[in-house]
file entry.pdb (PDB, C-alpha atoms)
ATOM      1  CA  MET A 224      83.600  99.711  98.501
ATOM      2  CA  ILE A 225      86.439  97.196  98.400
ATOM      3  CA  PRO A 226      87.383  95.483 101.674
ATOM      4  CA  PRO A 227      90.981  95.796 102.914
ATOM      5  CA  ARG A 228      93.483  93.241 101.600
ATOM      6  CA  THR A 229      91.157  92.181  98.764
ATOM      7  CA  ILE A 230      93.702  92.667  95.981
ATOM      8  CA  ASP A 231      96.417  90.898  97.984
ATOM      9  CA  VAL A 232      94.017  88.029  98.721
ATOM     10  CA  GLN A 233      93.092  87.791  95.036
ATOM     11  CA  ALA A 234      96.781  87.625  94.051
ATOM     12  CA  SER A 235      97.522  84.922  96.621
ATOM     13  CA  TYR A 236      94.399  83.041  95.519
ATOM     14  CA  GLY A 237      95.446  83.259  91.869
ATOM     15  CA  LEU A 238      98.923  81.953  92.716
ATOM     16  CA  HIS A 239      97.457  79.144  94.891
ATOM     17  CA  LEU A 240      99.270  80.511  97.949
ATOM     18  CA  ILE A 241      96.323  81.095 100.261
ATOM     19  CA  SER A 242      94.606  78.748 102.648
ATOM     20  CA  SER A 243      90.891  78.237 103.086
ATOM     21  CA  GLN A 244      91.186  79.752 106.573
ATOM     22  CA  GLU A 245      92.699  82.930 105.128
ATOM     23  CA  LEU A 246      89.785  83.264 102.689
ATOM     24  CA  VAL A 247      87.316  82.801 105.553
ATOM     25  CA  ASP A 248      89.239  85.420 107.557
ATOM     26  CA  TRP A 249      89.085  87.830 104.597
ATOM     27  CA  ALA A 250      85.302  87.347 104.427
ATOM     28  CA  THR A 251      84.966  88.060 108.143
ATOM     29  CA  ASP A 252      87.107  91.200 107.783
ATOM     30  CA  ALA A 253      85.003  92.287 104.789
ATOM     31  CA  ILE A 254      81.817  92.034 106.851
ATOM     32  CA  VAL A 255      83.395  94.000 109.699
ATOM     33  CA  PHE A 256      84.450  96.591 107.087
ATOM     34  CA  GLY A 257      80.790  96.977 106.122
ATOM     35  CA  CYS A 258      80.406  94.737 103.073
ATOM     36  CA  ASP A 259      77.520  92.318 102.888
ATOM     37  CA  SER A 260      76.254  89.624 100.564
ATOM     38  CA  ARG A 261      74.700  86.206 100.971
ATOM     39  CA  ASN A 262      77.800  84.251  99.911
ATOM     40  CA  LEU A 263      80.155  86.527 101.841
ATOM     41  CA  ARG A 264      78.208  85.669 105.011
ATOM     42  CA  LEU A 265      78.281  81.966 104.123
ATOM     43  CA  LEU A 266      82.049  82.121 103.551
ATOM     44  CA  ALA A 267      82.651  84.008 106.803
ATOM     45  CA  GLY A 268      80.592  81.431 108.707
ATOM     46  CA  LEU A 269      82.569  78.387 107.597
ATOM     47  CA  GLN A 270      84.588  76.443 110.135
ATOM     48  CA  SER A 271      87.371  73.908 109.846
ATOM     49  CA  PRO A 272      87.620  71.320 108.430
ATOM     50  CA  PHE A 273      87.026  73.104 105.133
ATOM     51  CA  ASP A 274      85.876  71.832 101.783
ATOM     52  CA  SER A 275      88.434  73.808  99.760
ATOM     53  CA  ASP A 276      86.355  73.657  96.583
ATOM     54  CA  GLU A 277      83.367  75.138  98.429
ATOM     55  CA  VAL A 278      85.539  77.876  99.966
ATOM     56  CA  LYS A 279      86.904  78.795  96.533
ATOM     57  CA  ARG A 280      83.413  78.812  95.009
ATOM     58  CA  LEU A 281      82.027  81.038  97.763
ATOM     59  CA  PHE A 282      85.006  83.407  97.464
ATOM     60  CA  LYS A 283      84.504  83.852  93.712
ATOM     61  CA  VAL A 284      80.734  84.318  94.048
ATOM     62  CA  ALA A 285      81.164  86.763  96.955
ATOM     63  CA  LEU A 286      83.498  88.886  94.842
ATOM     64  CA  LYS A 287      80.892  88.988  92.058
ATOM     65  CA  GLU A 288      78.109  89.862  94.501
ATOM     66  CA  LEU A 289      80.246  92.706  95.864
ATOM     67  CA  GLN A 290      80.944  93.813  92.276
ATOM     68  CA  ILE A 291      84.686  93.487  92.779
ATOM     69  CA  GLU A 292      86.539  92.999  89.523
ATOM     70  CA  GLU A 293      88.700  89.922  89.192
ATOM     71  CA  LEU A 294      92.405  90.681  89.382
ATOM     72  CA  PRO A 295      93.968  89.980  85.969
ATOM     73  CA  ALA A 296      96.367  87.026  85.985
ATOM     74  CA  GLU A 297      99.286  89.199  84.849
ATOM     75  CA  ARG A 298      98.920  91.201  88.094
ATOM     76  CA  TYR A 299      99.169  88.194  90.441
ATOM     77  CA  VAL A 300     102.964  88.136  90.745
ATOM     78  CA  PRO A 301     103.574  91.917  90.962
ATOM     79  CA  THR A 302     100.761  92.292  93.491
ATOM     80  CA  TYR A 303     102.121  89.439  95.595
ATOM     81  CA  ILE A 304     105.657  90.879  95.459
ATOM     82  CA  THR A 305     104.301  94.271  96.519
ATOM     83  CA  SER A 306     102.443  92.746  99.456
ATOM     84  CA  ILE A 307     105.492  90.815 100.677
ATOM     85  CA  LEU A 308     107.887  93.762 100.282
ATOM     86  CA  LYS A 309     105.594  96.177 102.116
ATOM     87  CA  ALA A 310     105.213  93.714 104.975
ATOM     88  CA  MET A 311     108.989  93.253 105.091
ATOM     89  CA  LEU A 312     109.746  96.977 105.056
ATOM     90  CA  ASN A 313     107.112  97.554 107.751
ATOM     91  CA  ARG A 314     108.853  94.849 109.821
ATOM     92  CA  GLU A 315     105.726  92.677 109.843
ATOM     93  CA  ILE A 316     107.779  89.765 108.509
ATOM     94  CA  PRO A 317     111.553  89.217 108.695
ATOM     95  CA  ARG A 318     113.717  89.765 105.605
ATOM     96  CA  ASN A 319     114.666  86.075 105.459
ATOM     97  CA  GLU A 320     111.031  84.977 105.421
ATOM     98  CA  ALA A 321     110.012  87.574 102.831
ATOM     99  CA  LEU A 322     112.862  86.685 100.512
ATOM    100  CA  ARG A 323     112.268  82.948 101.010
ATOM    101  CA  CYS A 324     108.642  83.407  99.929
ATOM    102  CA  LEU A 325     109.747  85.252  96.799
ATOM    103  CA  ALA A 326     112.568  82.785  96.047
ATOM    104  CA  ASP A 327     110.119  79.890  96.380
ATOM    105  CA  LEU A 328     107.685  81.656  94.076
ATOM    106  CA  TYR A 329     110.528  82.172  91.580
ATOM    107  CA  THR A 330     110.893  78.390  91.375
ATOM    108  CA  GLN A 331     107.130  77.736  91.354
ATOM    109  CA  GLN A 332     106.625  80.251  88.542
ATOM    110  CA  ASN A 333     109.188  78.529  86.309
ATOM    111  CA  LEU A 334     111.939  81.074  86.994
ATOM    112  CA  ASP A 335     109.808  84.151  86.313
ATOM    113  CA  ARG A 336     112.319  86.924  85.585
ATOM    114  CA  GLN A 337     110.590  89.482  87.802
ATOM    115  CA  LEU A 338     111.410  87.280  90.817
ATOM    116  CA  GLN A 339     115.026  86.414  89.989
ATOM    117  CA  ASP A 340     116.692  89.252  91.905
ATOM    118  CA  PHE A 341     114.722  88.384  95.025
ATOM    119  CA  SER A 342     115.917  84.795  94.765
ATOM    120  CA  ASN A 343     119.513  85.989  94.377
ATOM    121  CA  LEU A 344     119.159  88.279  97.395
ATOM    122  CA  TYR A 345     117.715  85.435  99.450
ATOM    123  CA  TYR A 346     120.640  83.136  98.665
ATOM    124  CA  ALA A 347     123.175  85.934  99.134
ATOM    125  CA  LYS A 348     121.800  86.667 102.610
ATOM    126  CA  TRP A 349     121.594  82.984 103.489
ATOM    127  CA  ASP A 350     125.199  82.340 102.376
ATOM    128  CA  LEU A 351     126.440  85.357 104.325
ATOM    129  CA  GLU A 352     124.708  84.129 107.467
ATOM    130  CA  CYS A 353     126.058  80.606 107.066
ATOM    131  CA  TYR A 354     129.448  81.035 105.399
ATOM    132  CA  ASN A 355     130.264  84.768 105.568
ATOM    133  CA  GLU A 356     130.818  84.658 101.802
ATOM    134  CA  GLN A 357     128.417  84.766  98.831
ATOM    135  CA  TYR A 358     128.423  84.874  95.034
ATOM    136  CA  TYR A 359     124.816  85.842  94.278
ATOM    137  CA  TRP A 360     124.873  89.643  94.644
ATOM    138  CA  ARG A 361     127.882  91.742  93.667
ATOM    139  CA  GLY A 362     129.211  93.837  96.551
ATOM    140  CA  ALA A 363     127.010  92.271  99.205
ATOM    141  CA  LYS A 364     128.740  91.590 102.494
ATOM    142  CA  HIS A 365     127.506  90.616 105.918
ATOM    143  CA  SER A 366     127.779  94.280 106.968
ATOM    144  CA  ASN A 367     125.596  95.674 104.164
ATOM    145  CA  ILE A 368     123.228  92.930 102.947
ATOM    146  CA  ASP A 369     120.218  94.200 104.911
ATOM    147  CA  LYS A 370     120.657  97.731 103.526
ATOM    148  CA  ILE A 371     120.976  96.311 100.010
ATOM    149  CA  ILE A 372     117.776  94.291 100.462
ATOM    150  CA  ASP A 373     115.808  97.237 101.847
ATOM    151  CA  LYS A 374     117.053  99.614  99.131
ATOM    152  CA  TYR A 375     116.258  97.096  96.394
ATOM    153  CA  ALA A 376     112.780  96.550  97.849
ATOM    154  CA  MET A 377     112.050 100.290  98.033
ATOM    155  CA  ASN A 378     113.300 100.818  94.479
ATOM    156  CA  TRP A 379     111.211  97.894  93.238
ATOM    157  CA  LEU A 380     108.101  99.278  94.918
ATOM    158  CA  ASN A 381     108.706 102.735  93.447
ATOM    159  CA  GLU A 382     109.255 101.341  89.942
ATOM    160  CA  HIS A 383     106.280  98.960  90.116
ATOM    161  CA  ALA A 384     103.772 101.100  91.954
ATOM    162  CA  ILE A 385     100.391  99.348  91.909
ATOM    163  CA  LYS A 386      97.256 101.369  92.434
ATOM    164  CA  LYS A 387      95.146  99.228  94.750
ATOM    165  CA  ASN A 388      92.965  99.170  97.792
ATOM    166  CA  SER A 389      94.641  96.919 100.301
TER     167      SER A 389
END
call {"tool": "encode", "arguments": {"input": "entry.pdb", "output": "structure tokens"}}
result
Amino acid sequence: MIPPRTIDVQASYGLHLISSQELVDWATDAIVFGCDSRNLRLLAGLQSPFDSDEVKRLFKVALKELQIEELPAERYVPTYITSILKAMLNREIPRNEALRCLADLYTQQNLDRQLQDFSNLYYAKWDLECYNEQYYWRGAKHSNIDKIIDKYAMNWLNEHAIKKNS
């Protein structure tokens, strides 16, 4: 039994994009979900201020105790993209914020090609909001940029479907 959000949390952890508090929250959610292990309970019981090394250690040990396989490094970026796009399409986070996260990751990941279009969409939308003109995405205008973003996100998700429990 894999707790909700585990794969997303592993991807964020692998990309160094998750806080100690978020790992503690995941542990608490895992216990509520019905998982139990010594280190999971220890992780869930931590309070701020955190020793980040201890939080990371407990997270890794808790995953092993729960017999949850480690997410392979090559899945970190696609899993993170999937998580962000689903949240955006479900209106849990605004388009600007979702695209900013992916554009920032594009830079942090040394211009990883699988993130480039998201960076271009972010700057196209930003330019259209600020200047009403953009040169990042062919055919994008103020009147259609949101539809372009949503369609691109849905197509990306369909083409990169990830089987996961999240």
call {"tool": "residues_around", "arguments": {"input": "entry.pdb", "residues": "stretch 359-370 of chain A", "least_positions_apart": "2", "cutoff": "12 Å", "atoms": "only C-alpha atoms", "output": "NGL selection string"}}
result
:A and (311-312 or 317-319 or 322 or 339-357 or 372-377)
call {"tool": "atom_distance", "arguments": {"input": "entry.pdb", "atom1": "atom CA of A:Leu380", "atom2": "atom CA of A:Ser235"}}
result
17.9 Å
call {"tool": "closest_residue", "arguments": {"input": "entry.pdb", "among": "A:Ser306, A:Pro301, A:Asn378, A:Ala250", "to": "A:Val278", "atoms": "only C-alpha atoms"}}
result
A:Ala250
call {"tool": "residues_around", "arguments": {"input": "entry.pdb", "residues": "A:Ser242", "least_positions_apart": "6", "cutoff": "10 Å", "atoms": "only C-alpha atoms", "output": "list in words"}}
result
Ser235, Tyr236, Asp248, Phe273, Ser275, Val278 and Lys279 of chain A
call {"tool": "closest_residue", "arguments": {"input": "entry.pdb", "among": "A:Ile304, A:Leu269, A:Ile225, A:Asp259", "to": "A:Arg323", "atoms": "all atoms listed in the file"}}
result
A:Ile304
call {"tool": "atom_distance", "arguments": {"input": "entry.pdb", "atom1": "atom CA of A:Thr330", "atom2": "atom CA of A:Glu382"}}
result
23.1 Å
call {"tool": "resolve_selection", "arguments": {"input": "entry.pdb", "expression": "the PyMOL selection byres ((chain A and resi 247) around 9)", "output": "list in words"}}
result
Ser242, Ser243, Gln244, Glu245, Leu246, Asp248, Trp249, Ala250, Thr251, Asp252, Leu263, Leu266, Ala267, Gly268, Leu269, Gln270, Val278 and Phe282 of chain A
call {"tool": "atom_distance", "arguments": {"input": "entry.pdb", "atom1": "atom CA of A:Glu297", "atom2": "atom CA of A:Ala321"}}
result
21.0 Å
call {"tool": "residues_around", "arguments": {"input": "entry.pdb", "residues": "A:Val284", "least_positions_apart": "2", "cutoff": "12 Å", "atoms": "all atoms listed in the file", "output": "PyMOL selection string"}}
result
chain A and resi 250+260-266+277-282+286-293
call {"tool": "write_last_selection", "arguments": {"input": "entry.pdb", "atoms": "C-alpha atoms", "output": "mmCIF file, in the coordinates of the input"}}
result
data_model
loop_
_atom_site.group_PDB
_atom_site.id
_atom_site.type_symbol
_atom_site.label_atom_id
_atom_site.label_comp_id
_atom_site.auth_asym_id
_atom_site.auth_seq_id
_atom_site.Cartn_x
_atom_site.Cartn_y
_atom_site.Cartn_z
ATOM 1 C CA ALA A 250 85.302 87.347 104.427
ATOM 2 C CA SER A 260 76.254 89.624 100.564
ATOM 3 C CA ARG A 261 74.700 86.206 100.971
ATOM 4 C CA ASN A 262 77.800 84.251 99.911
ATOM 5 C CA LEU A 263 80.155 86.527 101.841
ATOM 6 C CA ARG A 264 78.208 85.669 105.011
ATOM 7 C CA LEU A 265 78.281 81.966 104.123
ATOM 8 C CA LEU A 266 82.049 82.121 103.551
ATOM 9 C CA GLU A 277 83.367 75.138 98.429
ATOM 10 C CA VAL A 278 85.539 77.876 99.966
ATOM 11 C CA LYS A 279 86.904 78.795 96.533
ATOM 12 C CA ARG A 280 83.413 78.812 95.009
ATOM 13 C CA LEU A 281 82.027 81.038 97.763
ATOM 14 C CA PHE A 282 85.006 83.407 97.464
ATOM 15 C CA LEU A 286 83.498 88.886 94.842
ATOM 16 C CA LYS A 287 80.892 88.988 92.058
ATOM 17 C CA GLU A 288 78.109 89.862 94.501
ATOM 18 C CA LEU A 289 80.246 92.706 95.864
ATOM 19 C CA GLN A 290 80.944 93.813 92.276
ATOM 20 C CA ILE A 291 84.686 93.487 92.779
ATOM 21 C CA GLU A 292 86.539 92.999 89.523
ATOM 22 C CA GLU A 293 88.700 89.922 89.192
#
call {"tool": "build_atoms", "arguments": {"input": "entry.pdb", "residues": "stretch 283-319 of chain A", "atoms": "N, CA and C atoms", "output": "PDB file, in the frame of the given file"}}
result
ATOM      1  N   LYS A 283      84.726  83.287  95.052  1.00  0.00           N
ATOM      2  CA  LYS A 283      84.504  83.852  93.712  1.00  0.00           C
ATOM      3  C   LYS A 283      83.107  84.470  93.588  1.00  0.00           C
ATOM      4  N   VAL A 284      82.101  83.795  94.126  1.00  0.00           N
ATOM      5  CA  VAL A 284      80.734  84.318  94.048  1.00  0.00           C
ATOM      6  C   VAL A 284      80.601  85.579  94.909  1.00  0.00           C
ATOM      7  N   ALA A 285      81.220  85.582  96.077  1.00  0.00           N
ATOM      8  CA  ALA A 285      81.164  86.763  96.955  1.00  0.00           C
ATOM      9  C   ALA A 285      81.780  87.971  96.259  1.00  0.00           C
ATOM     10  N   LEU A 286      82.884  87.772  95.571  1.00  0.00           N
ATOM     11  CA  LEU A 286      83.498  88.886  94.842  1.00  0.00           C
ATOM     12  C   LEU A 286      82.538  89.440  93.795  1.00  0.00           C
ATOM     13  N   LYS A 287      81.864  88.543  93.073  1.00  0.00           N
ATOM     14  CA  LYS A 287      80.892  88.988  92.058  1.00  0.00           C
ATOM     15  C   LYS A 287      79.731  89.737  92.704  1.00  0.00           C
ATOM     16  N   GLU A 288      79.223  89.199  93.808  1.00  0.00           N
ATOM     17  CA  GLU A 288      78.109  89.862  94.501  1.00  0.00           C
ATOM     18  C   GLU A 288      78.502  91.260  94.983  1.00  0.00           C
ATOM     19  N   LEU A 289      79.763  91.408  95.383  1.00  0.00           N
ATOM     20  CA  LEU A 289      80.246  92.706  95.864  1.00  0.00           C
ATOM     21  C   LEU A 289      80.688  93.605  94.712  1.00  0.00           C
ATOM     22  N   GLN A 290      80.559  93.093  93.494  1.00  0.00           N
ATOM     23  CA  GLN A 290      80.944  93.813  92.276  1.00  0.00           C
ATOM     24  C   GLN A 290      82.414  94.218  92.302  1.00  0.00           C
ATOM     25  N   ILE A 291      83.243  93.282  92.757  1.00  0.00           N
ATOM     26  CA  ILE A 291      84.686  93.487  92.779  1.00  0.00           C
ATOM     27  C   ILE A 291      85.264  92.785  91.555  1.00  0.00           C
ATOM     28  N   GLU A 292      85.956  93.561  90.735  1.00  0.00           N
ATOM     29  CA  GLU A 292      86.539  92.999  89.523  1.00  0.00           C
ATOM     30  C   GLU A 292      87.598  91.974  89.862  1.00  0.00           C
ATOM     31  N   GLU A 293      87.670  90.933  89.024  1.00  0.00           N
ATOM     32  CA  GLU A 293      88.700  89.922  89.192  1.00  0.00           C
ATOM     33  C   GLU A 293      90.055  90.530  88.860  1.00  0.00           C
ATOM     34  N   LEU A 294      91.051  90.220  89.644  1.00  0.00           N
ATOM     35  CA  LEU A 294      92.405  90.681  89.382  1.00  0.00           C
ATOM     36  C   LEU A 294      92.944  89.943  88.160  1.00  0.00           C
ATOM     37  N   PRO A 295      93.429  90.663  87.152  1.00  0.00           N
ATOM     38  CA  PRO A 295      93.968  89.980  85.969  1.00  0.00           C
ATOM     39  C   PRO A 295      95.174  89.117  86.336  1.00  0.00           C
ATOM     40  N   ALA A 296      95.300  87.989  85.682  1.00  0.00           N
ATOM     41  CA  ALA A 296      96.367  87.026  85.985  1.00  0.00           C
ATOM     42  C   ALA A 296      97.754  87.655  85.902  1.00  0.00           C
ATOM     43  N   GLU A 297      97.959  88.581  84.983  1.00  0.00           N
ATOM     44  CA  GLU A 297      99.286  89.199  84.849  1.00  0.00           C
ATOM     45  C   GLU A 297      99.632  90.095  86.033  1.00  0.00           C
ATOM     46  N   ARG A 298      98.675  90.380  86.902  1.00  0.00           N
ATOM     47  CA  ARG A 298      98.920  91.201  88.094  1.00  0.00           C
ATOM     48  C   ARG A 298      99.184  90.364  89.343  1.00  0.00           C
ATOM     49  N   TYR A 299      98.981  89.044  89.254  1.00  0.00           N
ATOM     50  CA  TYR A 299      99.169  88.194  90.441  1.00  0.00           C
ATOM     51  C   TYR A 299     100.572  88.345  91.028  1.00  0.00           C
ATOM     52  N   VAL A 300     101.594  88.126  90.226  1.00  0.00           N
ATOM     53  CA  VAL A 300     102.964  88.136  90.745  1.00  0.00           C
ATOM     54  C   VAL A 300     103.366  89.524  91.232  1.00  0.00           C
ATOM     55  N   PRO A 301     103.189  90.595  90.439  1.00  0.00           N
ATOM     56  CA  PRO A 301     103.574  91.917  90.962  1.00  0.00           C
ATOM     57  C   PRO A 301     102.815  92.322  92.227  1.00  0.00           C
ATOM     58  N   THR A 302     101.551  91.959  92.297  1.00  0.00           N
ATOM     59  CA  THR A 302     100.761  92.292  93.491  1.00  0.00           C
ATOM     60  C   THR A 302     101.270  91.528  94.701  1.00  0.00           C
ATOM     61  N   TYR A 303     101.596  90.251  94.501  1.00  0.00           N
ATOM     62  CA  TYR A 303     102.121  89.439  95.595  1.00  0.00           C
ATOM     63  C   TYR A 303     103.476  89.975  96.056  1.00  0.00           C
ATOM     64  N   ILE A 304     104.348  90.315  95.108  1.00  0.00           N
ATOM     65  CA  ILE A 304     105.657  90.879  95.459  1.00  0.00           C
ATOM     66  C   ILE A 304     105.453  92.152  96.278  1.00  0.00           C
ATOM     67  N   THR A 305     104.573  93.018  95.815  1.00  0.00           N
ATOM     68  CA  THR A 305     104.301  94.271  96.519  1.00  0.00           C
ATOM     69  C   THR A 305     103.853  94.016  97.954  1.00  0.00           C
ATOM     70  N   SER A 306     102.951  93.075  98.125  1.00  0.00           N
ATOM     71  CA  SER A 306     102.443  92.746  99.456  1.00  0.00           C
ATOM     72  C   SER A 306     103.565  92.260 100.379  1.00  0.00           C
ATOM     73  N   ILE A 307     104.392  91.370  99.877  1.00  0.00           N
ATOM     74  CA  ILE A 307     105.492  90.815 100.677  1.00  0.00           C
ATOM     75  C   ILE A 307     106.510  91.903 101.018  1.00  0.00           C
ATOM     76  N   LEU A 308     106.883  92.721 100.031  1.00  0.00           N
ATOM     77  CA  LEU A 308     107.887  93.762 100.282  1.00  0.00           C
ATOM     78  C   LEU A 308     107.397  94.806 101.277  1.00  0.00           C
ATOM     79  N   LYS A 309     106.136  95.204 101.158  1.00  0.00           N
ATOM     80  CA  LYS A 309     105.594  96.177 102.116  1.00  0.00           C
ATOM     81  C   LYS A 309     105.596  95.599 103.530  1.00  0.00           C
ATOM     82  N   ALA A 310     105.204  94.351 103.654  1.00  0.00           N
ATOM     83  CA  ALA A 310     105.213  93.714 104.975  1.00  0.00           C
ATOM     84  C   ALA A 310     106.634  93.631 105.530  1.00  0.00           C
ATOM     85  N   MET A 311     107.591  93.332 104.661  1.00  0.00           N
ATOM     86  CA  MET A 311     108.989  93.253 105.091  1.00  0.00           C
ATOM     87  C   MET A 311     109.495  94.623 105.532  1.00  0.00           C
ATOM     88  N   LEU A 312     109.259  95.637 104.722  1.00  0.00           N
ATOM     89  CA  LEU A 312     109.746  96.977 105.056  1.00  0.00           C
ATOM     90  C   LEU A 312     109.056  97.559 106.285  1.00  0.00           C
ATOM     91  N   ASN A 313     107.830  97.130 106.543  1.00  0.00           N
ATOM     92  CA  ASN A 313     107.112  97.554 107.751  1.00  0.00           C
ATOM     93  C   ASN A 313     107.451  96.677 108.954  1.00  0.00           C
ATOM     94  N   ARG A 314     108.374  95.761 108.767  1.00  0.00           N
ATOM     95  CA  ARG A 314     108.853  94.849 109.821  1.00  0.00           C
ATOM     96  C   ARG A 314     107.764  93.919 110.344  1.00  0.00           C
ATOM     97  N   GLU A 315     106.780  93.630 109.478  1.00  0.00           N
ATOM     98  CA  GLU A 315     105.726  92.677 109.843  1.00  0.00           C
ATOM     99  C   GLU A 315     106.203  91.243 109.632  1.00  0.00           C
ATOM    100  N   ILE A 316     107.139  91.066 108.710  1.00  0.00           N
ATOM    101  CA  ILE A 316     107.779  89.765 108.509  1.00  0.00           C
ATOM    102  C   ILE A 316     109.278  89.993 108.334  1.00  0.00           C
ATOM    103  N   PRO A 317     110.103  89.059 108.814  1.00  0.00           N
ATOM    104  CA  PRO A 317     111.553  89.217 108.695  1.00  0.00           C
ATOM    105  C   PRO A 317     112.019  89.151 107.233  1.00  0.00           C
ATOM    106  N   ARG A 318     113.156  89.772 106.963  1.00  0.00           N
ATOM    107  CA  ARG A 318     113.717  89.765 105.605  1.00  0.00           C
ATOM    108  C   ARG A 318     113.876  88.341 105.078  1.00  0.00           C
ATOM    109  N   ASN A 319     114.434  87.458 105.918  1.00  0.00           N
ATOM    110  CA  ASN A 319     114.666  86.075 105.459  1.00  0.00           C
ATOM    111  C   ASN A 319     113.373  85.418 104.998  1.00  0.00           C
TER     112      ASN A 319
END
